[in-house]
Amino acid sequence: MLGEAEPQWLTEEVKTGTTIIAIEFNGGVVLGSDSRVSAGQSVVNRVMNKLSPLHDKIYCALSGSAADAQTIAEMVNYQLDVHSMEIGEDPQVRSAATLVKNISYKYKEELSAHLIVAGWDRREGGQVFATLKGLLTRQPFAVGGSGSSYVYGFVDAEYRKGMNKKDCQQFVVNTLSLAMNRDGSSGGVAYLVTIDEHGTEEDVILGNDLPTFFDQ
Amino acid sequence: MAAAASMMPIFGQQISARSDLVPDWTREEVSTGTTIMAVEYDGGVVIGADSRTTTGAYIANRVTDKLTRIHDKIYCCRSGSAADTQAIAEVVSYQLGFHSIELEEPPLVETAANLFRASCYRYREELMAGILVAGWDRRKGGQVYCVPIGGMLVRQPVAVGGSGSTYVYGFMDSNYKAGLNKEQCLELTASALSLAMERDGSSGGVIRLASISEEGVERRVILGNQLPKFSTH
């Protein structure tokens, strides 16, 4: 058809707008993310799972440019596999985080992705690492992505030390729900991954099952 | 100063061509970086603001009063350009005072809000002002109206504004519910402002609070060392 313009989203970069969060509890970690992938104003995937496995008990949460984040996760997954074969046992969470940090730092000008690495290992238990722009820091909890700005106040107020697994899962779900309500680039369903010494549990919470707040 | 500058080693950076005697911040616009908040309760409103005014990275005033009286029981919370918001508030104050004399009764909060909106919308290209109008009148009780940049007008039971507000949307959504009393509103506002001040570099200083009801206006200040604390601070 003459004069019909090409839809904008074909030329826009695909970003995982996003809200991601990871929190440590005594004995493991809980990771959470929303499921929206946007290209400009279009939502190109409304059910993407942004919690990507790096190893059996180490996951990472993706945010920023979808391509960059996925590529980093795949590269580190491969490097960790080789590393764990060399040492003959499960890798440490810190090793996985360091591998992510190395890539993020070396290519910091070209990449625009932020990964939060979290998992459980025998030596240090549950750990959460932030790797924003190539730094590496261990934190009790970490939030990231465009939606995280809206929930800094909430997580600062609600986090307390020594929460158990169920409290952490509820904390993550509440945080994701609040961020998804305010951030246009976050939405869809909430994915949850809980990792402890007994194993890894993946969960989905559909849109209508998410907690609601006073104006809904 | 000029002699010292020429002795400074060059680490691959530009040495400023401007005189070292004139600091950068004299060239920056004065802005009320800011976090402001207003909450309605049955019988009145509670308003609150931080107290930091910045010109670039310099804090020009660390004890600013961003809660400005427009009429006896109508106040506004200012965010954005300090000059713009002060000028608009003065104009609206004058217009409202005149209107109230003609009416021979206290003006409505909705009227004040509309006057703000009229100025903010007409001069939207030139202005940078985000304002919360809050007060009490006999007709509708406590009301909060939001007039963000661009000149929209909407009434909300609870509103936040300013650069620090992004960080507390989640906190506000989860902690506000209808039917709070005055003390709870004051606590909610103080907590939200404290959290925003922790995260936003352009907000800080002390917390100024005011509650407006039929009885009148009650103001208080929460100093830095008395701010609500949270476990991550």
# chains A, B, ... in the order shown; residues from 1 in each chain; ligands from 1
>>> closest_atom_pairs(of="chain B", to="chain A", cutoff="10 Å", atoms="only C-alpha atoms", output="CSV")
residue,atom,partner,partner_atom,distance
B:Pro157,CA,A:Asp215,CA,9.6
B:Gly164,CA,A:Gly153,CA,9.7
B:Ser165,CA,A:Tyr150,CA,8.2
B:Thr166,CA,A:Tyr150,CA,5.0
B:Tyr167,CA,A:Tyr150,CA,4.5
B:Val168,CA,A:Gly153,CA,4.5
B:Tyr169,CA,A:Tyr150,CA,5.2
B:Gly170,CA,A:Val151,CA,4.6
B:Phe171,CA,A:Phe154,CA,4.0
B:Met172,CA,A:Phe154,CA,7.8
B:Asp173,CA,A:Phe213,CA,6.2
B:Ser174,CA,A:Phe213,CA,6.1
B:Asn175,CA,A:Phe214,CA,8.6
B:Tyr176,CA,A:Phe214,CA,6.9
B:Lys177,CA,A:Phe214,CA,5.6
B:Ala178,CA,A:Phe214,CA,7.5
B:Ser191,CA,A:Ala157,CA,8.3
B:Ala192,CA,A:Gly153,CA,7.1
B:Leu193,CA,A:Gly153,CA,9.1
B:Ser194,CA,A:Gly153,CA,8.9
B:Leu195,CA,A:Gly153,CA,5.2
B:Ala196,CA,A:Gly153,CA,6.3
B:Met197,CA,A:Gly153,CA,9.5
B:Glu198,CA,A:Gly153,CA,8.7
B:Arg199,CA,A:Tyr152,CA,7.5
B:Pro228,CA,A:Ala157,CA,9.9
B:Lys229,CA,A:Ala157,CA,8.5
B:Phe230,CA,A:Ala157,CA,5.6
B:Ser231,CA,A:Arg160,CA,6.0
B:Thr232,CA,A:Asp156,CA,5.8
B:His233,CA,A:Asp156,CA,7.8
>>> write_last_selection(atoms="C-alpha atoms", output="PDB file, in the first residue's frame")
ATOM      1  CA  PRO B 157      -6.374  11.707  47.811  1.00  0.00           C
ATOM      2  CA  GLY B 164      12.566  12.759  44.886  1.00  0.00           C
ATOM      3  CA  SER B 165       9.000  11.596  44.364  1.00  0.00           C
ATOM      4  CA  THR B 166       9.895   8.811  41.918  1.00  0.00           C
ATOM      5  CA  TYR B 167      11.608   6.910  44.727  1.00  0.00           C
ATOM      6  CA  VAL B 168       8.565   6.872  46.992  1.00  0.00           C
ATOM      7  CA  TYR B 169       5.721   5.989  44.636  1.00  0.00           C
ATOM      8  CA  GLY B 170       5.981   2.370  45.725  1.00  0.00           C
ATOM      9  CA  PHE B 171       6.056   3.290  49.420  1.00  0.00           C
ATOM     10  CA  MET B 172       3.072   5.601  49.017  1.00  0.00           C
ATOM     11  CA  ASP B 173       1.019   3.057  47.051  1.00  0.00           C
ATOM     12  CA  SER B 174       1.581   0.367  49.648  1.00  0.00           C
ATOM     13  CA  ASN B 175       1.155   2.451  52.800  1.00  0.00           C
ATOM     14  CA  TYR B 176      -1.666   4.836  52.009  1.00  0.00           C
ATOM     15  CA  LYS B 177      -5.234   3.750  52.551  1.00  0.00           C
ATOM     16  CA  ALA B 178      -8.474   5.684  52.779  1.00  0.00           C
ATOM     17  CA  SER B 191       8.397   8.640  56.489  1.00  0.00           C
ATOM     18  CA  ALA B 192       7.963   9.097  52.754  1.00  0.00           C
ATOM     19  CA  LEU B 193       9.929  12.348  52.746  1.00  0.00           C
ATOM     20  CA  SER B 194      12.689  10.794  54.822  1.00  0.00           C
ATOM     21  CA  LEU B 195      13.014   7.857  52.403  1.00  0.00           C
ATOM     22  CA  ALA B 196      13.081  10.165  49.391  1.00  0.00           C
ATOM     23  CA  MET B 197      15.675  12.437  50.994  1.00  0.00           C
ATOM     24  CA  GLU B 198      17.917   9.400  51.527  1.00  0.00           C
ATOM     25  CA  ARG B 199      17.833   8.461  47.854  1.00  0.00           C
ATOM     26  CA  PRO B 228      12.378   8.591  60.890  1.00  0.00           C
ATOM     27  CA  LYS B 229      14.982   5.851  60.503  1.00  0.00           C
ATOM     28  CA  PHE B 230      14.757   2.644  58.549  1.00  0.00           C
ATOM     29  CA  SER B 231      16.794  -0.488  58.860  1.00  0.00           C
ATOM     30  CA  THR B 232      18.777   0.104  55.668  1.00  0.00           C
ATOM     31  CA  HIS B 233      19.987   3.569  56.689  1.00  0.00           C
TER      32      HIS B 233
END
>>> residues_around(residues="B:Tyr94", least_positions_apart="3", cutoff="12 Å", atoms="only C-alpha atoms", output="list in words")
Arg69, Ile70, His71, Ala87, Ile88, Ala89, Glu90, Val91, Gly97, Phe98, His99, Ser100, Ile101, Ala112, Leu115 and Phe116 of chain B
>>> write_last_selection(atoms="N, CA and C atoms", output="tab-separated table (two decimals), in the first residue's frame")
chain	number	residue	atom	x	y	z
B	69	ARG	N	2.04	29.91	51.79
B	69	ARG	CA	0.66	30.26	52.08
B	69	ARG	C	0.06	31.01	50.91
B	70	ILE	N	-1.11	30.54	50.46
B	70	ILE	CA	-1.81	31.24	49.39
B	70	ILE	C	-3.00	31.97	49.99
B	71	HIS	N	-3.61	31.34	50.98
B	71	HIS	CA	-4.70	31.99	51.71
B	71	HIS	C	-4.71	31.36	53.10
B	87	ALA	N	7.12	33.10	41.72
B	87	ALA	CA	6.37	34.12	40.96
B	87	ALA	C	4.91	33.71	40.79
B	88	ILE	N	4.69	32.44	40.43
B	88	ILE	CA	3.31	31.97	40.23
B	88	ILE	C	2.54	32.05	41.54
B	89	ALA	N	3.19	31.63	42.62
B	89	ALA	CA	2.49	31.62	43.92
B	89	ALA	C	2.08	33.04	44.32
B	90	GLU	N	2.95	34.01	44.03
B	90	GLU	CA	2.61	35.40	44.37
B	90	GLU	C	1.42	35.87	43.56
B	91	VAL	N	1.43	35.58	42.27
B	91	VAL	CA	0.34	35.99	41.40
B	91	VAL	C	-0.98	35.37	41.85
B	97	GLY	N	-6.77	36.50	46.79
B	97	GLY	CA	-7.13	37.47	47.83
B	97	GLY	C	-8.22	38.41	47.32
B	98	PHE	N	-8.03	38.88	46.10
B	98	PHE	CA	-8.99	39.78	45.47
B	98	PHE	C	-10.35	39.09	45.31
B	99	HIS	N	-10.32	37.86	44.82
B	99	HIS	CA	-11.54	37.07	44.59
B	99	HIS	C	-12.29	36.85	45.90
B	100	SER	N	-11.53	36.58	46.96
B	100	SER	CA	-12.16	36.29	48.25
B	100	SER	C	-12.85	37.52	48.82
B	101	ILE	N	-12.26	38.70	48.58
B	101	ILE	CA	-12.90	39.94	49.05
B	101	ILE	C	-14.21	40.16	48.30
B	112	ALA	N	-8.41	28.00	43.95
B	112	ALA	CA	-6.97	28.25	44.00
B	112	ALA	C	-6.25	27.35	43.01
B	115	LEU	N	-6.65	28.53	39.52
B	115	LEU	CA	-5.82	29.70	39.22
B	115	LEU	C	-4.39	29.27	38.92
B	116	PHE	N	-3.88	28.31	39.70
B	116	PHE	CA	-2.54	27.78	39.43
B	116	PHE	C	-2.49	27.16	38.04
>>> residues_around(residues="A:Met75", least_positions_apart="2", cutoff="10 Å", atoms="only C-alpha atoms", output="CSV table (one decimal) with all heavy atoms, in the first residue's frame")
chain,number,residue,atom,x,y,z
A,54,LEU,N,22.4,-19.4,35.4
A,54,LEU,CA,23.8,-19.5,35.1
A,54,LEU,C,24.4,-20.9,35.5
A,54,LEU,O,25.4,-21.3,34.9
A,54,LEU,CB,24.6,-18.4,35.8
A,54,LEU,CG,24.2,-17.0,35.4
A,54,LEU,CD1,25.0,-16.0,36.3
A,54,LEU,CD2,24.5,-16.7,34.0
A,70,GLN,N,21.0,-10.9,27.4
A,70,GLN,CA,20.9,-12.4,27.1
A,70,GLN,C,22.3,-12.9,26.7
A,70,GLN,O,22.7,-14.0,27.1
A,70,GLN,CB,20.0,-12.6,25.9
A,70,GLN,CG,18.5,-12.7,26.4
A,70,GLN,CD,17.6,-13.1,25.2
A,70,GLN,OE1,18.0,-13.0,24.1
A,70,GLN,NE2,16.5,-13.6,25.6
A,71,THR,N,23.0,-12.1,25.9
A,71,THR,CA,24.3,-12.5,25.5
A,71,THR,C,25.3,-12.7,26.6
A,71,THR,O,26.0,-13.7,26.7
A,71,THR,CB,24.9,-11.5,24.5
A,71,THR,OG1,24.0,-11.4,23.4
A,71,THR,CG2,26.2,-12.0,23.9
A,72,ILE,N,25.3,-11.7,27.6
A,72,ILE,CA,26.2,-11.8,28.7
A,72,ILE,C,25.8,-13.1,29.5
A,72,ILE,O,26.7,-13.9,29.9
A,72,ILE,CB,26.0,-10.6,29.7
A,72,ILE,CG1,26.5,-9.3,28.9
A,72,ILE,CG2,26.9,-10.8,30.9
A,72,ILE,CD1,26.2,-8.1,29.7
A,73,ALA,N,24.5,-13.3,29.7
A,73,ALA,CA,24.1,-14.5,30.5
A,73,ALA,C,24.5,-15.8,29.8
A,73,ALA,O,25.0,-16.7,30.5
A,73,ALA,CB,22.6,-14.5,30.7
A,77,ASN,N,27.2,-18.4,31.4
A,77,ASN,CA,26.7,-19.8,31.5
A,77,ASN,C,27.8,-20.8,31.0
A,77,ASN,O,28.1,-21.8,31.7
A,77,ASN,CB,25.4,-20.0,30.8
A,77,ASN,CG,24.7,-21.3,31.0
A,77,ASN,OD1,25.4,-22.3,31.4
A,77,ASN,ND2,23.4,-21.4,30.8
A,78,TYR,N,28.3,-20.5,29.8
A,78,TYR,CA,29.3,-21.4,29.2
A,78,TYR,C,30.6,-21.4,30.0
A,78,TYR,O,31.1,-22.4,30.4
A,78,TYR,CB,29.6,-20.9,27.8
A,78,TYR,CG,30.8,-21.5,27.2
A,78,TYR,CD1,30.8,-22.8,26.7
A,78,TYR,CD2,32.0,-20.8,27.1
A,78,TYR,CE1,32.0,-23.4,26.2
A,78,TYR,CE2,33.2,-21.3,26.6
A,78,TYR,CZ,33.1,-22.6,26.1
A,78,TYR,OH,34.3,-23.2,25.6
A,79,GLN,N,31.0,-20.2,30.4
A,79,GLN,CA,32.3,-20.1,31.1
A,79,GLN,C,32.2,-20.8,32.5
A,79,GLN,O,33.1,-21.4,33.0
A,79,GLN,CB,32.7,-18.6,31.4
A,79,GLN,CG,33.1,-17.9,30.1
A,79,GLN,CD,33.2,-16.4,30.3
A,79,GLN,OE1,32.8,-15.8,31.3
A,79,GLN,NE2,33.7,-15.7,29.2
A,80,LEU,N,31.0,-20.7,33.1
A,80,LEU,CA,30.8,-21.3,34.4
A,80,LEU,C,30.8,-22.8,34.3
A,80,LEU,O,31.3,-23.6,35.1
A,80,LEU,CB,29.5,-20.9,35.0
A,80,LEU,CG,29.5,-19.8,36.1
A,80,LEU,CD1,28.1,-19.7,36.7
A,80,LEU,CD2,30.5,-20.1,37.2
A,99,LEU,N,32.5,-13.3,36.8
A,99,LEU,CA,32.5,-13.4,35.4
A,99,LEU,C,31.6,-12.4,34.7
A,99,LEU,O,32.0,-11.8,33.7
A,99,LEU,CB,32.1,-14.9,35.0
A,99,LEU,CG,33.1,-16.0,35.3
A,99,LEU,CD1,32.4,-17.3,35.2
A,99,LEU,CD2,34.3,-15.9,34.5
A,100,VAL,N,30.5,-12.2,35.3
A,100,VAL,CA,29.5,-11.2,34.7
A,100,VAL,C,30.2,-9.8,34.8
A,100,VAL,O,30.1,-9.0,33.8
A,100,VAL,CB,28.2,-11.2,35.5
A,100,VAL,CG1,27.3,-10.0,35.0
A,100,VAL,CG2,27.5,-12.5,35.3
A,103,ILE,N,32.8,-9.1,32.1
A,103,ILE,CA,32.3,-8.7,30.8
A,103,ILE,C,31.7,-7.3,30.8
A,103,ILE,O,31.9,-6.5,29.9
A,103,ILE,CB,31.2,-9.7,30.3
A,103,ILE,CG1,31.8,-11.2,30.2
A,103,ILE,CG2,30.7,-9.3,28.9
A,103,ILE,CD1,30.8,-12.2,29.9
>>> select_by_dssp(residues="stretch 82-198 of chain B", states="alpha helix (DSSP H)", output="PyMOL selection string")
chain B and resi 82-103+109-122+169-175+182-198
>>> select_by_dssp(residues="stretch 31-138 of chain A", states="strand (DSSP E or B)", output="PyMOL selection string")
chain A and resi 31-33+37-39+42-45+51-55+58-65+113-121+125-130+137-138
>>> residues_around(residues="B:Lys66", least_positions_apart="4", cutoff="7 Å", atoms="only C-alpha atoms", output="list in words")
Ala49, Ser51, Cys77 and Arg78 of chain B
>>> atom_distance(atom1="atom CA of A:Tyr107", atom2="atom CA of A:Val47")
28.6 Å
>>> residues_around(residues="stretch 118-129 of chain B", least_positions_apart="4", cutoff="12 Å", atoms="only C-alpha atoms", output="VMD selection string")
chain B and resid 29 to 34 76 to 92 95 111 to 114 146 to 153 161 to 163
>>> closest_residue(among="A:Gly199, A:Pro53, A:Gly40, A:Gly187", to="A:Ala118", atoms="only C-alpha atoms")
A:Pro53
>>> closest_residue(among="B:Gly142, B:Pro106, B:Gly179, B:Gly205", to="B:Ile59", atoms="only C-alpha atoms")
B:Gly205
>>> residues_around(residues="A:Ala130", least_positions_apart="3", cutoff="12 Å", atoms="only C-alpha atoms", output="NGL selection string")
:A and (20-23 or 60-63 or 93-94 or 96-98 or 100-101 or 104 or 113-118 or 127 or 133-145)
>>> atom_distance(atom1="atom CA of A:Ser38", atom2="atom CA of A:Ala67")
12.1 Å
>>> residues_around(residues="A:Asn45", least_positions_apart="6", cutoff="9 Å", atoms="only C-alpha atoms", output="PyMOL selection string")
chain A and resi 35-38
>>> atom_distance(atom1="atom CA of B:Gly130", atom2="atom CA of A:Gly17")
26.0 Å
